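**Q** Please find one structure pasted underneath; my questions will follow.
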Amino acid sequence: MKKTDSVKLTKLAECAGCGAKVGAGELAKLLGDLPVRRDENLLVGFDKSDDAAVYKVSGDLAIVQTLDFFPPIVDDPYAFGAIAAANALSDIYAMGGEPKTALNIMAVPEDMPKEHVHAILEGGYAKVAEAGAVICGGHSIYDREPKYGLSVTGFVHPDRILTNAGARPGDVLIYTKRVGIGVLTAGWKAEMLSEESKKSMQEQMMLLNKAARDIMIRFRVHACTDVTGFGMLGHLLEMAEGSGTRISIETGQIDFIPEAAELAKMGVLPAGMYRNRHFAEEEVDPGDAPVWMQDLLYDPQTSGGLMMAADPGDADALLSELLKDPQVQSAQRIGTVEEYTGGKRIRLY
Amino acid sequence: MLDARGKACPLPVVLAMKELDRMDPGEILEVLVDNEAAVGNLTRMASGKGAEARNEKDGDDWRVFITRGSTGEAAASKELAGQEAENAFCDASGGRRGTLVVAIGTDCMGQGDDKLGRILMKSYLFSLTQQEEIPKTILFFNGGVKLTTEGSESLKDIEELAARGAEIMSCGTCLDFYGLKESLKVGGITNMYAIAETMQKADRLVRI
């Protein structure tokens, strides 16, 4: 990792990372009455609340398109660029796709030192290269608050698209990163993080979901989404509603970041957590889960992991392959998809 | 009362935690915040510390009242919070040892033009917030108290330094002299004995 001393990028940001996202409910209202032009080749559009749009080009090729950017979430410019890129690329992986081309989108303050701006881009380029894709252009403007991200286009076979609407009763839910990144970000702002946690948090967010996706597509996985700004429960709710199912989460199986749990108990939580809670909690039966645990499940996860709904016959094999790969941070069997018979969409136990 | 309006999460809860740790059991801390997330954070912090919290809506704002617990648990958490703050300080000092004290005896930085001096001072205090290491204590005396009182353009920066653990102290005699005692906006009031002692005990003293 490149070190640039005495930069405090996060001081320039009002909201951190995916925490800056417009709330899911708010977004639905904003998009509600906009005219949607039909095109039979648009297989997944924004009316589906999915990770990326998919457009069919031919019988064996569809393109996946996404765009994601946000203000600095860490102070190191290189790491910020890498995280923003990993986060944007993730939407392609979440659809089962393979990133091909990417465009930079960037806003920087006029007086920001040029070497910092360069370091942000360097971080982005490194991740795009690691993904096997190419950066082919972009656009930048001056703005008081720095922002960076990518618009990414990927390829997927039209029959192998993984939306969040494909989950079937009986599917096993597998998640591939540790949980609590948003809370750690808040802890960072409060100067309550150890150097060690800052480092591991940064590394987790920079980690591509490429390895997890490459393993996933070899198995029978019916649905997939990446957990990001809306938190785990927000994204699971989209999956449950999109696929007309109910989801049960075994909280004891979730890989919570221990320091995030401590911070959550102290009330050091990002505002985005509350937005996510507002949006989803009506549909969640929390059972006996303590408040700090629920909070972490609503916590925005910048550059989070993949949530896969795997065929029960393949779940064990998929899980063991994921666990074997050093490029996959964590693999947890966190719950199951069930038939929806009315009532709340998600149950914690 | 702690006015934490205009501060983004998690700053209000961090400021309140520090304030609460200084208080005695049974005392009530009133925190004024302007967003619901801050109310949620304060309520969770209070219950984590075994304290009671209630809140009421006040126009567009909320008033949160936290009663400091009187149990052994609360005392233990006071100790723990102190320890954590110390650890955080050690981390922030980048491995350097010893306390850093900054003494500010003027609202103008350097000699020459006073207008320029005031601009420089504002920029200095902002720059302090950008440093890895935050001073343990910042002393304000003579014209320096104009920086911690109403109308100062550096209040936001000094508040941030306080939030990150710096002790902010203004000289009481000086506040009296300038008629600013009622206008103190950030930090506490101190006397010459404490100022002398703080300076003597400092491992590194920066004088402005």
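Chain labels run A, B, ... following the order of the structure tokens; each chain numbers its residues from 1, and ligands are numbered from 1 in the order shown.
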Taking only C-alpha atoms into account, find every residue of chain A that has an atom no more than 9 Å from chain B, and write it out as a VMD selection string.

**A** chain A and resid 6 to 8 11 14 to 15 186 to 187 189 to 195 264 to 275 291 to 292

**Q** Any chance you can output those residues with C-alpha atoms as a PDB file, in the first residue's frame?

**A**
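Once everything was written out, this is out-v3.pdb:
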```
ATOM      1  CA  SER A   6      -0.252  14.085   6.539  1.00  0.00           C
ATOM      2  CA  VAL A   7      -3.341  13.722   4.352  1.00  0.00           C
ATOM      3  CA  LYS A   8      -6.707  13.624   6.068  1.00  0.00           C
ATOM      4  CA  LYS A  11     -11.869  15.441   6.922  1.00  0.00           C
ATOM      5  CA  GLU A  14     -19.385  14.904   4.982  1.00  0.00           C
ATOM      6  CA  CYS A  15     -20.499  11.284   4.740  1.00  0.00           C
ATOM      7  CA  ALA A 186     -17.545   5.864  12.424  1.00  0.00           C
ATOM      8  CA  GLY A 187     -15.003   4.646  14.994  1.00  0.00           C
ATOM      9  CA  LYS A 189     -13.861   9.370  12.634  1.00  0.00           C
ATOM     10  CA  ALA A 190     -14.150   9.287  16.428  1.00  0.00           C
ATOM     11  CA  GLU A 191     -10.432   8.454  16.672  1.00  0.00           C
ATOM     12  CA  MET A 192     -11.280   5.242  18.488  1.00  0.00           C
ATOM     13  CA  LEU A 193      -9.633   2.724  16.165  1.00  0.00           C
ATOM     14  CA  SER A 194      -6.337   1.007  16.728  1.00  0.00           C
ATOM     15  CA  GLU A 195      -3.805   1.239  13.896  1.00  0.00           C
ATOM     16  CA  ALA A 264     -21.865  -0.510  18.312  1.00  0.00           C
ATOM     17  CA  LYS A 265     -22.439  -1.211  22.005  1.00  0.00           C
ATOM     18  CA  MET A 266     -21.030   2.254  22.793  1.00  0.00           C
ATOM     19  CA  GLY A 267     -23.421   3.933  20.348  1.00  0.00           C
ATOM     20  CA  VAL A 268     -20.691   4.889  17.868  1.00  0.00           C
ATOM     21  CA  LEU A 269     -22.799   4.295  14.757  1.00  0.00           C
ATOM     22  CA  PRO A 270     -23.013   6.007  11.370  1.00  0.00           C
ATOM     23  CA  ALA A 271     -26.174   7.884  10.388  1.00  0.00           C
ATOM     24  CA  GLY A 272     -26.593   5.520   7.416  1.00  0.00           C
ATOM     25  CA  MET A 273     -27.360   2.685   9.829  1.00  0.00           C
ATOM     26  CA  TYR A 274     -30.472   4.518  11.007  1.00  0.00           C
ATOM     27  CA  ARG A 275     -31.598   5.224   7.434  1.00  0.00           C
ATOM     28  CA  VAL A 291     -29.717  -4.148  19.540  1.00  0.00           C
ATOM     29  CA  TRP A 292     -25.970  -3.928  18.763  1.00  0.00           C
TER      30      TRP A 292
END
```

**Q** Taking only region 187-305 of chain A into account, list the residues labelled strand (DSSP E or B) by DSSP (computed from the backbone), as a compact mmCIF listing (two decimals) with C-alpha atoms, in the first residue's frame.

**A**
```txt
# COMPACT_ATOMS: atom_id res chain seq x y z
CA VAL A 221 -26.31 -20.38 -7.34
CA HIS A 222 -29.79 -18.96 -7.98
CA ALA A 223 -29.40 -15.38 -6.80
CA CYS A 224 -26.66 -13.04 -5.74
CA THR A 225 -26.26 -9.48 -4.52
CA ASP A 226 -23.38 -7.55 -3.01
CA THR A 245 -39.55 -15.48 -0.55
CA ARG A 246 -38.86 -15.22 3.17
CA ILE A 247 -35.36 -15.23 4.61
CA SER A 248 -34.20 -16.61 7.97
CA ILE A 249 -30.84 -15.48 9.33
CA PHE A 256 -18.98 -9.77 12.98
CA VAL A 284 -37.69 -7.71 10.00
CA ASP A 285 -38.56 -9.86 12.99
```

**Q** What does the distance from CA of Glu321 (chain A) to CA of Leu67 (chain A) come to in Å, to one decimal?

**A**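 One can read the CA of Glu321 (chain A) to CA of Leu67 (chain A) distance as 29.8 Å.
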
**Q** Find the residues around region 25-32 of chain B up to 7 Å (only C-alpha atoms counted), leave out those fewer than 6 positions away in its own chain, and share them as a VMD selection string.

**A** chain B and resid 1 to 5 61 to 70

**Q** Keeping only C-alpha atoms, write the selected residues as a short mmCIF file (atom, residue, chain, number, x, y, z; two decimals), in the first residue's frame.

**A**
```cif
data_model
loop_
_atom_site.label_atom_id
_atom_site.label_comp_id
_atom_site.auth_asym_id
_atom_site.auth_seq_id
_atom_site.Cartn_x
_atom_site.Cartn_y
_atom_site.Cartn_z
CA MET B 1 -25.60 21.58 28.39
CA LEU B 2 -23.76 20.15 25.45
CA ASP B 3 -24.76 21.71 22.15
CA ALA B 4 -23.90 19.13 19.51
CA ARG B 5 -26.04 20.56 16.74
CA ASP B 61 -33.94 19.62 17.41
CA TRP B 62 -33.93 17.03 20.15
CA ARG B 63 -32.91 17.35 23.79
CA VAL B 64 -31.45 14.18 25.23
CA PHE B 65 -31.13 13.88 29.01
CA ILE B 66 -28.69 11.28 30.30
CA THR B 67 -28.51 10.49 34.00
CA ARG B 68 -25.08 9.31 34.98
CA GLY B 69 -25.42 5.89 36.67
CA SER B 70 -24.31 5.41 40.25
#
```

**Q** For Leu208 (chain A), work out the shell of residues within 12 Å, counting only C-alpha atoms and skipping chain neighbours fewer than 3 positions away, then give it as a ChimeraX atom specification.

**A** /A:82-94,99,124,126-132,176-177,203-205,211-214,226,302-306,327-329

**Q** Go through A:Leu173, A:Val117, A:Val152, A:Ala167 and flag the residue nearest Gly335 (chain A), using only C-alpha atoms for the distances.

**A**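 Looking only at the distances to Gly335 (chain A), the closest residue turns out to be A:Leu173.
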
**Q** Tell me, as a list in words, which residues lie within 10 Å of Glu182 (chain B), counting only C-alpha atoms; anything in the same chain fewer than 3 positions away does not count.

**A** Thr149, Glu150, Leu175, Asp176, Gly179 and Lys185 of chain B

**Q** Within 10 Å of region 104-112 of chain B, counting only C-alpha atoms, which residues show up once you throw out same-chain ones fewer than 3 positions away? Write them as a PyMOL selection string, please.

**A** chain B and resi 101+115-124+138-148+152+170-171+206-208

**Q** Only C-alpha atoms, please: the residues just picked out, written as a PDB file, in the first residue's frame.

**A**
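Written out: selection_20.pdb:
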```pdb
ATOM      1  CA  VAL B 101       1.105  21.459  25.475  1.00  0.00           C
ATOM      2  CA  LYS B 115      -4.805  41.593  10.435  1.00  0.00           C
ATOM      3  CA  LEU B 116      -2.407  39.104   8.915  1.00  0.00           C
ATOM      4  CA  GLY B 117      -1.683  37.781  12.419  1.00  0.00           C
ATOM      5  CA  ARG B 118      -5.351  36.915  12.937  1.00  0.00           C
ATOM      6  CA  ILE B 119      -5.562  35.151   9.598  1.00  0.00           C
ATOM      7  CA  LEU B 120      -2.445  33.183  10.482  1.00  0.00           C
ATOM      8  CA  MET B 121      -3.848  32.209  13.880  1.00  0.00           C
ATOM      9  CA  LYS B 122      -7.054  30.914  12.330  1.00  0.00           C
ATOM     10  CA  SER B 123      -5.048  28.907   9.860  1.00  0.00           C
ATOM     11  CA  TYR B 124      -2.747  27.603  12.620  1.00  0.00           C
ATOM     12  CA  ILE B 138      -4.125  23.954  24.809  1.00  0.00           C
ATOM     13  CA  LEU B 139      -3.881  26.986  27.113  1.00  0.00           C
ATOM     14  CA  PHE B 140      -5.418  30.316  26.099  1.00  0.00           C
ATOM     15  CA  PHE B 141      -4.454  33.472  27.961  1.00  0.00           C
ATOM     16  CA  ASN B 142      -4.351  37.248  27.459  1.00  0.00           C
ATOM     17  CA  GLY B 143      -5.599  37.998  23.893  1.00  0.00           C
ATOM     18  CA  GLY B 144      -5.725  34.231  23.276  1.00  0.00           C
ATOM     19  CA  VAL B 145      -9.088  33.993  25.069  1.00  0.00           C
ATOM     20  CA  LYS B 146     -10.662  35.825  22.129  1.00  0.00           C
ATOM     21  CA  LEU B 147     -10.252  32.531  20.295  1.00  0.00           C
ATOM     22  CA  THR B 148     -12.357  30.424  22.690  1.00  0.00           C
ATOM     23  CA  SER B 152     -14.094  33.612  17.280  1.00  0.00           C
ATOM     24  CA  SER B 170      -8.894  29.588  29.095  1.00  0.00           C
ATOM     25  CA  CYS B 171      -7.443  31.904  31.717  1.00  0.00           C
ATOM     26  CA  VAL B 206       4.778  25.121  22.048  1.00  0.00           C
ATOM     27  CA  ARG B 207       4.333  28.863  22.644  1.00  0.00           C
ATOM     28  CA  ILE B 208       2.437  30.980  20.178  1.00  0.00           C
TER      29      ILE B 208
END
```

**Q** Going by DSSP on the backbone, which residues of region 220-289 of chain A come out as helix (DSSP H, G or I)? List them as a VMD selection string.

**A** chain A and resid 231 to 243 251 to 253 258 to 265 271 to 283

**Q** Residues as selected, C-alpha atoms, written as an mmCIF file, in the first residue's frame, can you do that?

**A**
```cif
data_model
loop_
_atom_site.group_PDB
_atom_site.id
_atom_site.type_symbol
_atom_site.label_atom_id
_atom_site.label_comp_id
_atom_site.auth_asym_id
_atom_site.auth_seq_id
_atom_site.Cartn_x
_atom_site.Cartn_y
_atom_site.Cartn_z
ATOM 1 C CA GLY A 231 -26.624 -2.930 4.939
ATOM 2 C CA MET A 232 -27.058 -6.683 5.066
ATOM 3 C CA LEU A 233 -30.742 -6.565 6.015
ATOM 4 C CA GLY A 234 -31.558 -3.899 3.419
ATOM 5 C CA HIS A 235 -30.045 -5.970 0.638
ATOM 6 C CA LEU A 236 -31.599 -9.185 1.952
ATOM 7 C CA LEU A 237 -34.985 -7.481 1.997
ATOM 8 C CA GLU A 238 -34.544 -6.606 -1.675
ATOM 9 C CA MET A 239 -33.701 -10.236 -2.318
ATOM 10 C CA ALA A 240 -36.694 -11.553 -0.359
ATOM 11 C CA GLU A 241 -39.118 -9.132 -2.022
ATOM 12 C CA GLY A 242 -37.568 -9.543 -5.454
ATOM 13 C CA SER A 243 -37.821 -13.314 -5.315
ATOM 14 C CA THR A 251 -27.134 -14.542 13.660
ATOM 15 C CA GLY A 252 -24.684 -16.824 15.482
ATOM 16 C CA GLN A 253 -23.117 -17.751 12.125
ATOM 17 C CA PRO A 258 -15.188 -7.773 17.090
ATOM 18 C CA GLU A 259 -14.128 -4.139 17.318
ATOM 19 C CA ALA A 260 -17.247 -3.082 15.403
ATOM 20 C CA ALA A 261 -19.388 -4.926 17.945
ATOM 21 C CA GLU A 262 -17.671 -3.035 20.773
ATOM 22 C CA LEU A 263 -18.219 0.316 19.044
ATOM 23 C CA ALA A 264 -21.865 -0.510 18.312
ATOM 24 C CA LYS A 265 -22.439 -1.211 22.005
ATOM 25 C CA ALA A 271 -26.174 7.884 10.388
ATOM 26 C CA GLY A 272 -26.593 5.520 7.416
ATOM 27 C CA MET A 273 -27.360 2.685 9.829
ATOM 28 C CA TYR A 274 -30.472 4.518 11.007
ATOM 29 C CA ARG A 275 -31.598 5.224 7.434
ATOM 30 C CA ASN A 276 -31.277 1.538 6.614
ATOM 31 C CA ARG A 277 -33.127 0.560 9.766
ATOM 32 C CA HIS A 278 -36.008 2.919 8.898
ATOM 33 C CA PHE A 279 -36.248 1.435 5.452
ATOM 34 C CA ALA A 280 -36.212 -2.251 6.379
ATOM 35 C CA GLU A 281 -37.197 -2.774 9.999
ATOM 36 C CA GLU A 282 -40.918 -3.116 9.387
ATOM 37 C CA GLU A 283 -40.152 -6.290 7.482
#
```

**Q** Tell me which protein, DNA and RNA residues are within 8 Å of region 134-136 of chain A, counting only C-alpha atoms, leaving out same-chain ones fewer than 6 positions away, and put them as a ChimeraX atom specification.

**A** /A:100-104,125,128

**Q** So the first atom is CA of Thr190 (chain B) and the second is CA of Leu125 (chain B); what is the distance between them in Å, to one decimal place?

**A**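 Computing the Euclidean distance for CA of Thr190 (chain B) and CA of Leu125 (chain B) yields 20.1 Å.
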
**Q** Report, in Å with one decimal, the straight-line distance from CA of Ala166 (chain B) to CA of Gly6 (chain B).

**A**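 The value is 20.2 Å.
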
**Q** Considering only C-alpha atoms, state which residue in the set B:Thr137, B:Leu155, B:Ser127, B:Leu180 is at the smallest distance from Glu197 (chain B).

**A**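 The answer is B:Thr137, which sits nearest to Glu197 (chain B).
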
**Q** When you count only C-alpha atoms, which of these residues is closest to Leu348 (chain A): A:Ala119, A:Leu297, A:Leu34, A:Leu43?

**A** A:Leu297
